[in-house]
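Worksheet: one structure, shown below.
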Amino acid sequence: MPAGLSDQILSAHRERRPLLMGIVNVTPDSFSDGGRYWRPDDALAHALKLVEEGADILDIGGESTRPGAQAVPASQELERVLGVIEKLAARTAVPISIDTSKPEVMQAAIKAGAAMINDVYGLRSEGALETAAALNVPVCIMHMQGEPRTMQQAPSYGNVVSDVADFLKERSTAALAAGIRPEHLVLDPGFGFGKTLAHNLSLLKQLEVLREHGWPLLAGISRKSMLGAITGRESAKDRLPASLAAALLAAQRGAAILRVHDVAATRDVLAVLNALADAAQ
Ligand code: 8Y7
């Protein structure tokens, strides 16, 4: 019998061999896909391609959280993601993560076959902690300052690394108090969510500090605007080399899960990293 998802995540964390979470957007305004509408059938085909490329987890999202994005109602989110999750679960054993902050979407997605919750609001929505505890699946709690519509207007911290660490400590304590199992917790500094380039760089540089809490970390940097700012690549599609560099740096600093668009290319990066880990002296 294959190891369960939480075992996979914990051994990725312990052994510093990150899992790859492939990104599947079912939204009309996802920035990195050039504004293309990912109709459910396109999203399904894309997800199956990411499985072929070696994704360990598929992250399905029906609400864009790009800076400036508007919230969508639960009914619309459900309409976008549920069919994709059902069809995907019937066609692959790769675990599916639901990218949502809404308890009703978490519930319906898990019922449809998803095996993990990815919440960019860190289970701060009304009822989210209780719902995630009852669903009894791995859950990623991410840090965000503000909300997507306004988060990039004036991000401000005392010390970004200790502020994010404190937030994640508070949310993990709340999660455990609500009955979420310790082996189900994954924490994420939330690159790009209410952060300047300098904040994002500090968090990447000090990722090991966040790892000191002892929980597995997820890092999502793929194609993000911080990489555009560093390289001058305005189009997200042109940020693959920078994304691969960032994936390697996050892996070396102990990330347990890398959330990426380009699964095949990132696999090759991890193969080199793992080969070096296994090499004699
Ligand atoms: C992240 C994420 C996004 C991330 C986690 C994008 C849904 C923006 N970024 N979830 N979601 N961590 N856990 O650029 O960094 O993909 S959406």
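Residue numbering restarts at 1 in every chain; chains get A, B, ... in the order shown in the structure tokens, and ligands count up from 1 in that same order.
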
Inset, instruction - With only C-alpha atoms and all ligand atoms counted, collect every polymer residue having an atom within 9 Å of ligand 1; state the result as number ranges by chain. - result: A: 23, 25, 30-32, 59-61, 63-67, 99-100, 118-120, 140-143, 186-193, 218-225, 258-261

Inset, instruction - Would you kindly return, as a list of chain:residue names, each protein, DNA or RNA residue with an atom no farther than 10 Å from any atom of Ser162 (chain A), considering only C-alpha atoms and excluding same-chain residues fewer than 5 positions away? - result: A:Tyr157, A:Phe167, A:Leu168, A:Leu203, A:Gln206, A:Val209, A:Leu210

Output N, CA and C atoms of each residue in that selection to a file, as a short mmCIF file (atom, residue, chain, number, x, y, z; two decimals), in the first residue's frame.
```cif
data_model
loop_
_atom_site.label_atom_id
_atom_site.label_comp_id
_atom_site.auth_asym_id
_atom_site.auth_seq_id
_atom_site.Cartn_x
_atom_site.Cartn_y
_atom_site.Cartn_z
N TYR A 157 6.29 45.64 7.83
CA TYR A 157 6.61 44.72 8.92
C TYR A 157 7.63 45.37 9.85
N PHE A 167 3.14 34.82 13.24
CA PHE A 167 1.81 34.54 12.69
C PHE A 167 1.60 33.03 12.51
N LEU A 168 2.60 32.37 11.93
CA LEU A 168 2.45 30.92 11.66
C LEU A 168 2.39 30.14 12.97
N LEU A 203 12.51 36.39 3.42
CA LEU A 203 11.83 35.14 3.78
C LEU A 203 12.49 33.93 3.10
N GLN A 206 15.90 33.30 4.76
CA GLN A 206 15.79 32.79 6.14
C GLN A 206 14.77 31.66 6.28
N VAL A 209 14.89 29.44 9.25
CA VAL A 209 14.39 29.95 10.54
C VAL A 209 12.94 29.52 10.74
N LEU A 210 12.13 29.61 9.66
CA LEU A 210 10.73 29.20 9.77
C LEU A 210 10.62 27.69 9.99
#
```

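Minimum distance to His184 (chain A) across A:Gly127, A:Leu50, A:Glu147, A:Ala133 (counting only C-alpha atoms) occurs at A:Ala133.
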
Legend entry - Residues near Leu20 (chain A), cut-off 10 Å, only C-alpha atoms, skip fewer than 6 positions along chain, as a PyMOL selection string: chain A and resi 50+54-58+218+247+256-264+266-267+270

Inset, instruction - Tell me, in Å to one decimal, how far CA of Thr27 (chain A) is from CA of Arg80 (chain A). - result: 7.5 Å

Inset, instruction - Run DSSP on the backbone and grab whatever in region 10-113 of chain A lands in helix (DSSP H, G or I); send it over as JSON, numbers by chain. - result: {"A": [10, 11, 12, 13, 14, 15, 31, 32, 33, 40, 41, 42, 43, 44, 45, 46, 47, 48, 49, 50, 51, 52, 74, 75, 76, 77, 78, 79, 80, 81, 82, 83, 84, 85, 86, 87, 88, 89, 90, 91, 103, 104, 105, 106, 107, 108, 109, 110, 111, 112]}

Inset, instruction - Go through A:Thr196, A:Asn159, A:Gln281, A:Thr92 and flag the residue nearest Leu48 (chain A), using only C-alpha atoms for the distances. - result: A:Thr92

Legend entry - Shortest interatomic distance to Lys49 (chain A) - which of A:Gly22, A:Ala74, A:Ala69, A:Glu130, counting only C-alpha atoms: A:Gly22

Inset, instruction - Have a look at A:Ala93, A:Ala198, A:Val84, A:Leu207 and name the one nearest to Ala47 (chain A); count only C-alpha atoms. - result: A:Val84

Inset, instruction - Find the spatial neighbours of Ala245 (chain A), counting only C-alpha atoms, within a cut-off of 12 Å - ignore same-chain residues fewer than 4 positions away - and output them as a list in words. - result: Leu204, Ile221, Ser222, Arg223, Leu227, Ile230, Thr231, Arg239, Leu240, Pro241, Leu249, Ala250, Ala251, Gln252, Ala265, Thr266, Asp268, Val269, Leu270 and Leu273 of chain A

Inset, instruction - For CA of Ile85 (chain A) and CA of Ala109 (chain A), quote the distance in Å rounded to one decimal. - result: 7.0 Å

Legend entry - Expected answer as a ChimeraX atom specification: strand (DSSP E) residues in region 29-176 of chain A: /A:57-61,96-99,116-119,139-142

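Taking CA of Val72 (chain A) and CA of Val164 (chain A) as endpoints, the distance between them is 26.6 Å.
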